[in-house]
>>> print(open('my_file-v3.tsv').read())   # TSV, C-alpha atoms and all ligand atoms
chain	number	residue	atom	x	y	z
Y	84	MET	CA	14.19	7.40	-32.81
Y	85	THR	CA	11.27	5.30	-31.69
Y	86	ILE	CA	10.89	2.75	-28.94
Y	87	THR	CA	8.74	-0.33	-29.25
Y	88	SER	CA	6.95	0.20	-25.97
Y	89	LYS	CA	6.98	-2.55	-23.38
Y	90	GLN	CA	3.94	-0.89	-21.83
Y	91	PRO	CA	1.88	0.32	-24.80
Y	92	ASN	CA	-1.30	0.65	-22.78
Y	93	ILE	CA	0.14	2.64	-19.91
Y	94	GLY	CA	-0.54	6.37	-20.03
Y	95	THR	CA	-0.33	9.05	-17.35
Y	96	THR	CA	-1.57	7.61	-14.06
Y	97	ILE	CA	-4.89	8.77	-12.64
Y	98	PHE	CA	-3.00	10.06	-9.58
Y	99	THR	CA	-1.06	12.53	-11.72
Y	100	VAL	CA	-4.16	13.42	-13.74
Y	101	MET	CA	-6.28	14.17	-10.67
Y	102	SER	CA	-3.55	15.98	-8.75
Y	103	GLN	CA	-2.81	18.16	-11.79
Y	104	LEU	CA	-6.50	18.88	-12.28
Y	105	ALA	CA	-6.84	19.73	-8.58
Y	106	ALA	CA	-3.88	22.13	-8.84
Y	107	GLU	CA	-5.23	23.79	-12.01
Y	108	THR	CA	-8.74	24.22	-10.62
Y	109	GLY	CA	-7.77	24.96	-7.01
Y	110	ALA	CA	-9.80	21.94	-5.84
Y	111	LEU	CA	-9.26	20.32	-2.45
Y	112	ASN	CA	-7.05	17.36	-3.29
Y	113	LEU	CA	-8.35	14.21	-1.59
Y	114	SER	CA	-7.18	12.08	-4.50
Y	115	GLN	CA	-3.53	11.07	-4.15
Y	116	GLY	CA	-2.44	9.09	-1.08
Y	117	PHE	CA	-0.09	11.38	0.79
Y	118	PRO	CA	-0.47	13.60	3.88
Y	119	ASN	CA	-0.70	17.37	3.51
Y	120	TYR	CA	1.02	17.87	6.90
Y	121	ASN	CA	4.64	17.54	7.88
Y	122	CYS	CA	6.41	14.63	9.55
Y	123	SER	CA	7.73	14.87	13.11
Y	124	PRO	CA	10.28	17.72	13.59
Y	125	LYS	CA	12.34	15.20	15.56
Y	126	LEU	CA	12.71	13.06	12.46
Y	127	ILE	CA	13.89	16.06	10.43
Y	128	GLU	CA	16.36	16.94	13.19
Y	129	LEU	CA	17.71	13.39	13.09
Y	130	VAL	CA	18.20	13.45	9.31
Y	131	ASN	CA	19.98	16.81	9.67
Y	132	HIS	CA	22.12	15.44	12.45
Y	133	TYR	CA	23.24	12.45	10.41
Y	134	MET	CA	23.87	14.57	7.31
Y	135	HIS	CA	26.10	16.92	9.33
Y	136	LYS	CA	27.80	13.92	10.88
Y	137	GLY	CA	28.85	12.82	7.39
Y	138	MET	CA	26.44	9.96	6.77
Y	139	ASN	CA	26.09	10.97	3.14
Y	140	GLN	CA	27.70	8.14	1.20
Y	141	TYR	CA	26.30	4.79	0.06
Y	142	ALA	CA	24.65	2.72	2.74
Y	143	PRO	CA	25.35	-1.03	2.71
Y	144	MET	CA	23.43	-2.74	-0.10
Y	145	ALA	CA	21.05	-4.43	2.35
Y	146	GLY	CA	20.60	-1.34	4.53
Y	147	ILE	CA	22.27	-0.13	7.72
Y	148	MET	CA	22.30	-2.75	10.45
Y	149	PRO	CA	20.69	-0.65	13.24
Y	150	LEU	CA	17.60	-0.12	11.08
Y	151	ARG	CA	17.36	-3.81	10.21
Y	152	GLU	CA	17.74	-4.64	13.91
Y	153	ILE	CA	15.01	-2.29	15.06
Y	154	LEU	CA	12.68	-3.62	12.35
Y	155	ALA	CA	13.39	-7.17	13.49
Y	156	GLN	CA	12.60	-6.19	17.07
Y	157	LYS	CA	9.38	-4.38	16.15
Y	158	THR	CA	8.15	-7.30	14.04
Y	159	ALA	CA	8.95	-9.76	16.82
Y	160	ASP	CA	7.31	-7.61	19.53
Y	161	LEU	CA	4.14	-6.87	17.57
Y	162	TYR	CA	3.52	-10.06	15.65
Y	163	GLY	CA	5.72	-12.70	17.26
Y	164	LEU	CA	7.50	-13.01	13.93
Y	165	TYR	CA	11.26	-13.19	13.91
Y	166	TYR	CA	13.44	-12.20	10.96
Y	167	GLN	CA	17.20	-12.27	11.21
Y	168	PRO	CA	18.55	-8.76	10.48
Y	169	ALA	CA	21.69	-9.99	8.72
Y	170	GLU	CA	20.16	-12.35	6.21
Y	171	GLU	CA	16.42	-11.82	6.13
Y	172	ILE	CA	15.79	-8.05	6.10
Y	173	THR	CA	16.68	-5.69	3.25
Y	174	ILE	CA	16.14	-1.93	3.20
Y	175	VAL	CA	15.01	-0.65	-0.21
Y	176	SER	CA	13.73	2.51	-1.88
Y	177	GLY	CA	10.07	2.18	-0.97
Y	178	CYS	CA	7.61	-0.68	-1.06
Y	179	THR	CA	7.30	-0.10	-4.81
Y	180	GLU	CA	10.90	-1.24	-5.17
Y	181	ALA	CA	10.37	-4.15	-2.77
Y	182	ILE	CA	7.55	-5.45	-4.98
Y	183	TYR	CA	9.43	-4.86	-8.22
Y	184	ALA	CA	12.62	-6.49	-6.94
Y	185	THR	CA	10.59	-9.47	-5.69
Y	186	MET	CA	8.91	-9.95	-9.07
Y	187	ALA	CA	12.29	-9.57	-10.81
Y	188	ALA	CA	13.73	-12.23	-8.50
Y	189	ILE	CA	11.00	-14.86	-8.76
Y	190	LEU	CA	9.41	-14.58	-12.22
Y	191	HIS	CA	10.43	-16.40	-15.35
Y	192	LYS	CA	8.76	-15.92	-18.71
Y	193	ASP	CA	5.02	-16.68	-18.69
Y	194	ASP	CA	4.84	-17.32	-14.95
Y	195	GLU	CA	1.49	-16.34	-13.51
Y	196	VAL	CA	0.78	-14.15	-10.51
Y	197	ILE	CA	-2.68	-13.99	-8.96
Y	198	VAL	CA	-3.71	-10.37	-8.38
Y	199	PHE	CA	-6.84	-9.24	-6.58
Y	200	GLU	CA	-8.52	-6.28	-8.21
Y	201	PRO	CA	-9.11	-3.45	-7.48
Y	202	ALA	CA	-5.28	-3.50	-7.33
Y	203	TYR	CA	-2.67	-0.90	-6.48
Y	204	ASP	CA	-1.30	0.33	-9.78
Y	205	SER	CA	2.34	-0.83	-9.58
Y	206	TYR	CA	1.59	-4.56	-9.23
Y	207	VAL	CA	0.70	-5.53	-12.78
Y	208	PRO	CA	3.47	-3.53	-14.52
Y	209	SER	CA	5.99	-5.06	-12.07
Y	210	ILE	CA	4.75	-8.51	-13.07
Y	211	GLU	CA	4.58	-7.85	-16.81
Y	212	LEU	CA	7.93	-6.07	-17.11
Y	213	ASN	CA	9.50	-9.16	-15.58
Y	214	GLY	CA	7.91	-11.52	-18.11
Y	215	GLY	CA	4.99	-12.63	-15.95
Y	216	LYS	CA	1.26	-12.59	-16.47
Y	217	ALA	CA	-1.33	-11.21	-14.06
Y	218	ILE	CA	-4.28	-13.51	-13.39
Y	219	TYR	CA	-7.10	-11.44	-11.97
Y	220	VAL	CA	-9.48	-12.28	-9.14
Y	221	THR	CA	-12.16	-9.61	-9.21
Y	222	LEU	CA	-13.54	-8.33	-5.91
Y	223	THR	CA	-16.87	-6.52	-6.02
Y	224	ALA	CA	-18.85	-4.01	-4.00
Y	225	GLU	CA	-21.78	-6.51	-3.79
Y	226	ASN	CA	-19.50	-8.92	-1.94
Y	227	ASP	CA	-18.05	-6.12	0.18
Y	228	PHE	CA	-14.69	-6.74	-1.53
Y	229	THR	CA	-14.17	-9.97	0.43
Y	230	ILE	CA	-12.12	-12.77	-1.12
Y	231	ASP	CA	-13.91	-15.89	-2.35
Y	232	TRP	CA	-11.17	-18.47	-1.94
Y	233	THR	CA	-12.94	-21.03	-4.17
Y	234	ILE	CA	-12.44	-18.57	-7.05
Y	235	VAL	CA	-8.78	-18.16	-6.12
Y	236	LYS	CA	-8.42	-21.94	-6.15
Y	237	SER	CA	-9.92	-22.12	-9.62
Y	238	LYS	CA	-7.26	-19.70	-10.93
Y	239	ILE	CA	-4.28	-21.72	-9.74
Y	240	THR	CA	-2.41	-23.55	-12.49
Y	241	GLU	CA	0.99	-25.22	-12.78
Y	242	ARG	CA	2.28	-21.81	-13.93
Y	243	THR	CA	1.19	-19.95	-10.77
Y	244	LYS	CA	4.35	-18.51	-9.26
Y	245	ALA	CA	2.90	-16.14	-6.68
Y	246	ILE	CA	-0.15	-14.59	-5.08
Y	247	MET	CA	-0.07	-10.82	-4.53
Y	248	LEU	CA	-1.84	-9.57	-1.39
Y	249	THR	CA	-2.40	-6.18	0.23
Y	250	THR	CA	-3.42	-5.70	3.85
Y	251	PRO	CA	-4.74	-3.17	4.82
Y	252	HIS	CA	-5.87	-2.71	1.26
Y	253	ASN	CA	-5.73	0.28	-1.06
Y	254	PRO	CA	-8.29	1.35	-2.30
Y	255	THR	CA	-10.88	-0.69	-0.35
Y	256	GLY	CA	-9.48	-0.30	3.18
Y	257	LYS	CA	-10.19	-4.02	3.82
Y	258	CYS	CA	-7.92	-6.15	6.02
Y	259	LEU	CA	-7.13	-9.85	5.75
Y	260	THR	CA	-8.68	-12.02	8.47
Y	261	LYS	CA	-7.51	-15.19	10.20
Y	262	GLU	CA	-9.97	-17.14	8.02
Y	263	ASP	CA	-8.44	-15.64	4.87
Y	264	LEU	CA	-4.99	-16.77	5.98
Y	265	ASN	CA	-6.25	-20.27	6.82
Y	266	HIS	CA	-7.82	-20.59	3.35
Y	267	LEU	CA	-4.64	-19.33	1.75
Y	268	ALA	CA	-2.48	-21.76	3.72
Y	269	ILE	CA	-4.61	-24.70	2.56
Y	270	LEU	CA	-4.48	-23.52	-1.07
Y	271	VAL	CA	-0.71	-23.19	-1.29
Y	272	LYS	CA	0.18	-26.21	0.82
Y	273	GLU	CA	2.56	-28.47	-1.08
Y	274	THR	CA	2.93	-26.00	-3.94
Y	275	ASN	CA	5.86	-23.73	-4.81
Y	276	ILE	CA	3.68	-20.63	-4.80
Y	277	PHE	CA	5.15	-17.50	-3.18
Y	278	ILE	CA	3.15	-14.86	-1.34
Y	279	VAL	CA	4.06	-11.24	-2.03
Y	280	SER	CA	2.48	-9.18	0.71
Y	281	ASP	CA	2.16	-5.40	0.54
Y	282	GLU	CA	1.78	-4.11	4.11
Y	283	VAL	CA	2.51	-0.39	3.77
Y	284	TYR	CA	-0.55	0.43	5.94
Y	285	GLU	CA	0.25	-2.06	8.72
Y	286	HIS	CA	0.05	0.64	11.42
Y	287	ILE	CA	-3.03	2.35	9.96
Y	288	ILE	CA	-5.66	-0.14	11.06
Y	289	PHE	CA	-8.82	0.63	13.02
Y	290	ASP	CA	-11.42	-0.48	15.56
Y	291	ASN	CA	-8.94	-2.60	17.54
Y	292	ARG	CA	-8.22	-4.86	14.58
Y	293	LEU	CA	-4.94	-6.75	14.58
Y	294	HIS	CA	-2.74	-6.44	11.55
Y	295	LEU	CA	-2.39	-9.93	10.10
Y	296	SER	CA	0.55	-10.43	7.82
Y	297	PRO	CA	0.35	-13.64	5.79
Y	298	ALA	CA	3.81	-14.31	7.26
Y	299	SER	CA	2.20	-14.55	10.70
Y	300	HIS	CA	0.58	-17.84	9.66
Y	301	PRO	CA	3.06	-20.61	10.51
Y	302	ALA	CA	2.48	-22.35	7.20
Y	303	LEU	CA	3.00	-19.20	5.12
Y	304	LYS	CA	6.11	-17.49	6.49
Y	305	GLU	CA	8.51	-19.73	4.55
Y	306	ARG	CA	7.05	-18.53	1.22
Y	307	THR	CA	6.24	-14.88	1.98
Y	308	PHE	CA	7.99	-11.71	0.86
Y	309	LEU	CA	6.76	-9.14	3.40
Y	310	CYS	CA	7.03	-5.72	1.73
Y	311	GLY	CA	6.71	-2.61	3.89
Y	312	SER	CA	7.32	1.13	3.89
Y	313	PHE	CA	8.28	3.92	6.26
Y	314	GLY	CA	6.47	6.49	4.10
Y	315	LYS	CA	2.87	6.02	5.25
Y	316	THR	CA	3.67	5.35	8.92
Y	317	PHE	CA	5.88	8.40	9.46
Y	318	HIS	CA	4.29	10.90	6.99
Y	319	THR	CA	7.43	10.71	4.83
Y	320	THR	CA	6.20	9.35	1.50
Y	321	GLY	CA	8.74	11.54	-0.33
Y	322	TRP	CA	11.70	9.85	1.34
Y	323	LYS	CA	10.93	6.61	-0.50
Y	324	LEU	CA	12.27	4.18	2.04
Y	325	GLY	CA	10.89	0.68	2.55
Y	326	TYR	CA	11.95	-2.87	3.25
Y	327	CYS	CA	11.49	-6.52	2.39
Y	328	MET	CA	11.53	-9.31	4.96
Y	329	ALA	CA	11.77	-12.90	3.77
Y	330	PRO	CA	13.46	-16.17	4.75
Y	331	LYS	CA	17.18	-16.41	4.10
Y	332	GLU	CA	17.10	-18.23	0.74
Y	333	LEU	CA	14.41	-15.91	-0.61
Y	334	THR	CA	16.26	-12.83	0.63
Y	335	ALA	CA	19.47	-13.98	-1.06
Y	336	GLU	CA	17.72	-13.93	-4.45
Y	337	PHE	CA	15.85	-10.71	-3.61
Y	338	ARG	CA	19.14	-8.91	-2.90
Y	339	LYS	CA	20.52	-9.96	-6.27
Y	340	THR	CA	17.81	-7.96	-8.04
Y	341	HIS	CA	17.68	-5.11	-5.51
Y	342	GLN	CA	21.38	-4.45	-6.06
Y	343	TRP	CA	20.83	-3.77	-9.78
Y	344	ILE	CA	17.72	-1.64	-9.30
Y	345	THR	CA	18.95	0.88	-6.71
Y	346	PHE	CA	21.88	-0.91	-5.00
Y	347	ALA	CA	21.28	1.04	-1.77
Y	348	SER	CA	18.83	3.56	-0.31
Y	349	PRO	CA	19.38	6.99	1.27
Y	350	THR	CA	21.78	6.78	4.21
Y	351	PRO	CA	20.80	9.69	6.51
Y	352	MET	CA	17.12	8.70	6.47
Y	353	GLN	CA	17.99	5.14	7.43
Y	354	HIS	CA	19.91	6.35	10.48
Y	355	ALA	CA	17.09	8.72	11.40
Y	356	PHE	CA	14.44	5.97	11.28
Y	357	ALA	CA	16.66	3.60	13.25
Y	358	ASP	CA	16.77	6.14	16.11
Y	359	PHE	CA	13.16	7.31	15.80
Y	360	MET	CA	11.76	3.78	15.97
Y	361	LYS	CA	13.44	3.13	19.32
Y	362	GLU	CA	10.37	4.85	20.76
Y	363	PRO	CA	7.45	2.48	19.87
Y	364	ASP	CA	4.89	5.23	20.38
Y	365	ASN	CA	6.24	6.89	17.23
Y	366	TYR	CA	4.64	4.13	15.14
Y	367	LEU	CA	1.95	2.87	17.51
Y	368	SER	CA	0.28	6.28	17.81
Y	369	VAL	CA	-0.38	6.44	14.06
Y	370	ARG	CA	-3.41	4.15	14.38
Y	371	GLY	CA	-5.24	6.51	16.75
Y	372	PHE	CA	-4.23	9.56	14.73
Y	373	TYR	CA	-5.83	8.17	11.57
Y	374	GLU	CA	-8.80	6.57	13.29
Y	375	GLU	CA	-9.74	10.01	14.57
Y	376	LYS	CA	-9.41	11.45	11.06
Y	377	ARG	CA	-11.51	8.65	9.56
Y	378	ASN	CA	-14.22	9.17	12.20
Y	379	LYS	CA	-14.30	12.92	11.74
Y	380	PHE	CA	-14.52	12.65	7.96
Y	381	ILE	CA	-17.33	10.09	8.16
Y	382	ASN	CA	-19.15	12.20	10.72
Y	383	TRP	CA	-18.86	15.31	8.54
Y	384	LEU	CA	-20.37	13.26	5.68
Y	385	LYS	CA	-23.31	11.96	7.72
Y	386	ASP	CA	-25.83	14.40	6.20
Y	387	SER	CA	-24.67	13.66	2.65
Y	388	ARG	CA	-26.36	11.28	0.18
Y	389	PHE	CA	-23.26	9.10	-0.03
Y	390	THR	CA	-23.32	5.62	1.46
Y	391	LEU	CA	-20.24	4.11	3.00
Y	392	LYS	CA	-18.78	1.46	5.26
Y	393	PRO	CA	-16.02	2.81	7.51
Y	394	ALA	CA	-12.58	1.81	6.21
Y	395	GLU	CA	-11.04	-1.02	8.26
Y	396	GLY	CA	-7.55	0.31	7.60
Y	397	SER	CA	-5.40	2.51	5.28
Y	398	PHE	CA	-6.10	6.23	4.92
Y	399	PHE	CA	-8.74	5.88	2.24
Y	400	GLN	CA	-12.51	6.01	2.57
Y	401	MET	CA	-14.63	4.64	-0.25
Y	402	VAL	CA	-18.07	6.14	-0.80
Y	403	SER	CA	-20.88	4.97	-3.05
Y	404	TYR	CA	-22.72	7.73	-4.92
Y	405	THR	CA	-25.62	5.77	-6.43
Y	406	GLN	CA	-28.18	7.88	-4.55
Y	407	ILE	CA	-26.89	11.00	-6.28
Y	408	THR	CA	-26.14	9.99	-9.86
Y	409	ASN	CA	-25.48	7.06	-12.15
Y	410	GLU	CA	-22.60	8.63	-14.08
Y	411	PRO	CA	-19.43	6.64	-14.75
Y	412	ASP	CA	-17.07	7.09	-11.80
Y	413	TYR	CA	-14.17	8.44	-13.89
Y	414	ASP	CA	-16.26	11.18	-15.52
Y	415	LEU	CA	-17.81	12.05	-12.18
Y	416	ALA	CA	-14.46	12.35	-10.38
Y	417	VAL	CA	-13.27	14.76	-13.08
Y	418	ARG	CA	-16.55	16.73	-13.10
Y	419	TRP	CA	-16.73	17.12	-9.32
Y	420	THR	CA	-13.09	18.22	-9.17
Y	421	LYS	CA	-13.95	21.04	-11.58
Y	422	GLU	CA	-17.46	21.86	-10.40
Y	423	ILE	CA	-17.45	21.40	-6.63
Y	424	GLY	CA	-13.73	21.59	-6.02
Y	425	VAL	CA	-13.08	18.20	-4.42
Y	426	ALA	CA	-10.71	15.75	-6.12
Y	427	SER	CA	-11.08	11.99	-5.58
Y	428	ILE	CA	-10.00	8.79	-7.31
Y	429	PRO	CA	-12.54	6.66	-9.23
Y	430	ILE	CA	-12.27	3.03	-8.17
Y	431	SER	CA	-12.59	1.76	-11.77
Y	432	VAL	CA	-8.95	2.72	-12.47
Y	433	PHE	CA	-7.84	-0.08	-10.15
Y	434	TYR	CA	-9.56	-2.70	-12.36
Y	435	ASN	CA	-8.10	-4.23	-15.50
Y	436	GLN	CA	-11.45	-3.93	-17.31
Y	437	ARG	CA	-12.32	-0.62	-15.62
Y	438	ASN	CA	-15.29	-2.15	-13.72
Y	439	ASP	CA	-17.49	0.64	-12.42
Y	440	ASN	CA	-18.88	0.03	-8.91
Y	441	LYS	CA	-20.05	3.70	-8.68
Y	442	ILE	CA	-17.58	4.31	-5.90
Y	443	LEU	CA	-15.05	7.08	-5.31
Y	444	ARG	CA	-12.02	6.95	-3.02
Y	445	PHE	CA	-11.21	9.87	-0.76
Y	446	CYS	CA	-7.84	10.15	1.03
Y	447	PHE	CA	-8.32	11.37	4.60
Y	448	ALA	CA	-4.60	11.92	5.29
Y	449	LYS	CA	-5.33	15.64	5.17
Y	450	ASP	CA	-5.60	18.32	7.83
Y	451	ASP	CA	-8.97	18.66	9.54
Y	452	GLU	CA	-9.70	22.00	7.94
Y	453	MET	CA	-9.38	20.54	4.44
Y	454	LEU	CA	-11.41	17.45	5.35
Y	455	GLU	CA	-14.24	19.50	6.87
Y	456	LYS	CA	-14.34	21.88	3.93
Y	457	ALA	CA	-14.40	18.96	1.47
Y	458	ALA	CA	-17.17	17.22	3.41
Y	459	GLU	CA	-19.20	20.43	3.48
Y	460	ARG	CA	-19.04	20.62	-0.32
Y	461	LEU	CA	-19.87	16.93	-0.69
Y	462	CYS	CA	-22.90	17.32	1.58
Y	463	ARG	CA	-24.37	19.85	-0.86
Y	464	LEU	CA	-24.59	17.21	-3.59
C	501	LIG	C1	-0.84	-0.29	-1.36
C	501	LIG	C2	0.38	0.53	-1.62
C	501	LIG	N1	1.56	-0.07	-1.82
C	501	LIG	C3	2.68	0.63	-2.03
C	501	LIG	C4	2.67	2.01	-2.08
C	501	LIG	C5	3.94	2.75	-2.34
C	501	LIG	O1	4.81	2.68	-1.26
C	501	LIG	P1	6.25	3.37	-1.31
C	501	LIG	O2	6.04	4.84	-1.41
C	501	LIG	O3	6.91	2.94	-0.06
C	501	LIG	O4	6.92	2.84	-2.54
C	501	LIG	C6	1.46	2.68	-1.88
C	501	LIG	C7	1.40	4.16	-1.97
C	501	LIG	O5	0.36	4.74	-2.18
C	501	LIG	C8	0.29	1.93	-1.64
C	501	LIG	O6	-0.89	2.52	-1.44
>>> encode(input="my_file-v3.tsv", output="structure tokens")
Amino acid sequence: MTITSKQPNIGTTIFTVMSQLAAETGALNLSQGFPNYNCSPKLIELVNHYMHKGMNQYAPMAGIMPLREILAQKTADLYGLYYQPAEEITIVSGCTEAIYATMAAILHKDDEVIVFEPAYDSYVPSIELNGGKAIYVTLTAENDFTIDWTIVKSKITERTKAIMLTTPHNPTGKCLTKEDLNHLAILVKETNIFIVSDEVYEHIIFDNRLHLSPASHPALKERTFLCGSFGKTFHTTGWKLGYCMAPKELTAEFRKTHQWITFASPTPMQHAFADFMKEPDNYLSVRGFYEEKRNKFINWLKDSRFTLKPAEGSFFQMVSYTQITNEPDYDLAVRWTKEIGVASIPISVFYNQRNDNKILRFCFAKDDEMLEKAAERLCRL
């Protein structure tokens, strides 16, 4: 039997390739974006508690109410943004599902979605599998990966259905600014363009920056699907729990697709997060935790020949290697995994045309011992 592939150009992702290579060669794995330390024991206790209590059957399709309520409260307290738990917040199986379900809800054949590249790898397949077309806006190292809104404007057509945004951004670590949101608001005014906003790193943001969701702009909330995750904030990427917040009419359509993708998400974890988030420090402390890691990693690299700008957010640090070699970034990432025992991700994989900025991405969500050892090896280059 053969299948006519809907994704003929998709192979094994770079994350699997690099993690496998790191495992085979015993390299320090700073490639894939997940912590190598455990989540809070309290959180595990809570999941256990709810499992023993019998919370092991389907959760409501939109998620358990206490979790939606605590999310509503957190979003109101931190950003002055209010979403109604009953009709505007949906718990899903990770931000990946939130994005996919959004695309499935809004796209019709040949609709266009503006995507900034380098782009997280699930965006374009989510668009294309739902009949849409990705329209790329290419961000470059020369422009410090900032958005030129005149270029975005030039890409808007009558077929533009949505603009996909990420803040803080993976892989660049950049964060949207007030100016970005003002430009965006002007561009979409009096259009029917939706904003799909990936904010999985909302609590991992540094140097006293404020996280700015597009939804926090008064002119943008009505058209924004705010997609988030519990995985990065609570060191629980394997639990695959996330959410989507959007105005009532948008949420109604979102839930129609969510119910056919997963219907509902794991029950005991939802109860555990609902309790754990009652203590704001459990999510507010994450910023300091990662800022310290970022600073240590950068400091350990200070005698290396890499050049870098400290990440503004996320748990990724990009480094330019032009003072060491001119090799293509993909080949170099593979070679250094084998030869010096440090695995990274080449930035070119996040570009449609594999643009090579001579930059590698290192994940610093790793214990200090691993980070210091990796930096030591990188300093020898
Ligand atoms: C930008 C971005 N969005 C989404 C995800 C996936 O989130 P989740 O595990 O909640 O599906 C990741 C994970 O690396 C990410 O970096």
>>> atom_distance(input="my_file-v3.tsv", atom1="CA of Asn265 (chain Y)", atom2="CA of Glu211 (chain Y)")
28.8 Å
>>> residues_near_ligand(input="my_file-v3.tsv", ligand="ligand LIG 501 (chain C)", cutoff="8 Å", atoms="all atoms listed in the file", output="MDAnalysis selection string")
chainID Y and resid 115:117 176:181 203 205 249:254 281:284 311:315 320:321 323:325
>>> residues_near_point(input="my_file-v3.tsv", point="(8.3, 5.3, 19.3)", cutoff="12 Å", atoms="all atoms listed in the file", output="NGL selection string")
:Y and (123 or 125-126 or 153 or 157 or 316-317 or 356-369)
>>> write_last_selection(input="my_file-v3.tsv", atoms="C-alpha atoms", output="short mmCIF file (atom, residue, chain, number, x, y, z; two decimals), keeping the file's coordinate frame")
data_model
loop_
_atom_site.label_atom_id
_atom_site.label_comp_id
_atom_site.auth_asym_id
_atom_site.auth_seq_id
_atom_site.Cartn_x
_atom_site.Cartn_y
_atom_site.Cartn_z
CA SER Y 123 7.73 14.87 13.11
CA LYS Y 125 12.34 15.20 15.56
CA LEU Y 126 12.71 13.06 12.46
CA ILE Y 153 15.01 -2.29 15.06
CA LYS Y 157 9.38 -4.38 16.15
CA THR Y 316 3.67 5.35 8.92
CA PHE Y 317 5.88 8.40 9.46
CA PHE Y 356 14.44 5.97 11.28
CA ALA Y 357 16.66 3.60 13.25
CA ASP Y 358 16.77 6.14 16.11
CA PHE Y 359 13.16 7.31 15.80
CA MET Y 360 11.76 3.78 15.97
CA LYS Y 361 13.44 3.13 19.32
CA GLU Y 362 10.37 4.85 20.76
CA PRO Y 363 7.45 2.48 19.87
CA ASP Y 364 4.89 5.23 20.38
CA ASN Y 365 6.24 6.89 17.23
CA TYR Y 366 4.64 4.13 15.14
CA LEU Y 367 1.95 2.87 17.51
CA SER Y 368 0.28 6.28 17.81
CA VAL Y 369 -0.38 6.44 14.06
#
>>> axis_aligned_box(input="my_file-v3.tsv", around="region 418-425 of chain Y", padding_each_side="5 Å", output="lines of an AutoDock Vina configuration file")
center_x = -15.3
center_y = 19.3
center_z = -8.8
size_x = 14.4
size_y = 15.1
size_z = 18.7
>>> atom_distance(input="my_file-v3.tsv", atom1="CA of Trp322 (chain Y)", atom2="CA of Met134 (chain Y)")
14.4 Å
>>> closest_residue(input="my_file-v3.tsv", among="Y:Thr185, Y:Thr334, Y:Gln406, Y:Thr319", to="Thr173 (chain Y)", atoms="all atoms listed in the file")
Y:Thr334
>>> closest_residue(input="my_file-v3.tsv", among="Y:Met84, Y:Val279, Y:Gly146, Y:Ala458", to="Pro349 (chain Y)", atoms="only C-alpha atoms")
Y:Gly146
>>> closest_residue(input="my_file-v3.tsv", among="Y:His318, Y:His341, Y:Arg151, Y:His135", to="Cys122 (chain Y)", atoms="all atoms listed in the file")
Y:His318
>>> residues_near_point(input="my_file-v3.tsv", point="(-9.2, -3.1, 12.2)", cutoff="12 Å", atoms="only C-alpha atoms", output="list in words")
Thr250, Pro251, His252, Gly256, Lys257, Cys258, Leu259, Thr260, Tyr284, Glu285, His286, Ile287, Ile288, Phe289, Asp290, Asn291, Arg292, Leu293, His294, Leu295, Arg370, Gly371, Tyr373, Glu374, Pro393, Ala394, Glu395, Gly396 and Ser397 of chain Y
>>> closest_atom_pairs(input="my_file-v3.tsv", of="region 86-154 of chain Y", to="region 419-432 of chain Y", cutoff="7 Å", atoms="all atoms listed in the file", output="CSV")
residue,atom,partner,partner_atom,distance
Y:Met101,CA,Y:Ala426,CA,6.5
Y:Ala105,CA,Y:Ala426,CA,6.1
Y:Thr108,CA,Y:Lys421,CA,6.2
Y:Gly109,CA,Y:Gly424,CA,6.9
Y:Ala110,CA,Y:Gly424,CA,3.9
Y:Leu111,CA,Y:Val425,CA,4.8
Y:Asn112,CA,Y:Ala426,CA,4.9
Y:Leu113,CA,Y:Ser427,CA,5.3
Y:Ser114,CA,Y:Ser427,CA,4.0
>>> write_last_selection(input="my_file-v3.tsv", atoms="C-alpha atoms", output="compact mmCIF listing (two decimals), in the frame of the given file")
# COMPACT_ATOMS: atom_id res chain seq x y z
CA MET Y 101 -6.28 14.17 -10.67
CA ALA Y 105 -6.84 19.73 -8.58
CA THR Y 108 -8.74 24.22 -10.62
CA GLY Y 109 -7.77 24.96 -7.01
CA ALA Y 110 -9.80 21.94 -5.84
CA LEU Y 111 -9.26 20.32 -2.45
CA ASN Y 112 -7.05 17.36 -3.29
CA LEU Y 113 -8.35 14.21 -1.59
CA SER Y 114 -7.18 12.08 -4.50
>>> decode(input="my_file-v3.tsv", residues="region 222-227 of chain Y", atoms="N, CA and C atoms", output="CSV table (one decimal), in the first residue's frame")
chain,number,residue,atom,x,y,z
Y,222,LEU,N,13.4,37.3,8.5
Y,222,LEU,CA,14.1,38.1,9.4
Y,222,LEU,C,15.6,37.7,9.3
Y,223,THR,N,16.5,38.7,9.4
Y,223,THR,CA,17.9,38.3,9.2
Y,223,THR,C,18.8,38.8,10.4
Y,224,ALA,N,19.9,38.1,10.5
Y,224,ALA,CA,20.9,38.5,11.5
Y,224,ALA,C,21.3,40.0,11.4
Y,225,GLU,N,21.5,40.4,10.1
Y,225,GLU,CA,22.0,41.8,9.9
Y,225,GLU,C,21.0,42.8,10.5
Y,226,ASN,N,19.7,42.5,10.5
Y,226,ASN,CA,18.7,43.4,11.1
Y,226,ASN,C,18.4,43.0,12.5
Y,227,ASP,N,19.2,42.2,13.1
Y,227,ASP,CA,19.0,41.7,14.5
Y,227,ASP,C,17.6,41.1,14.6
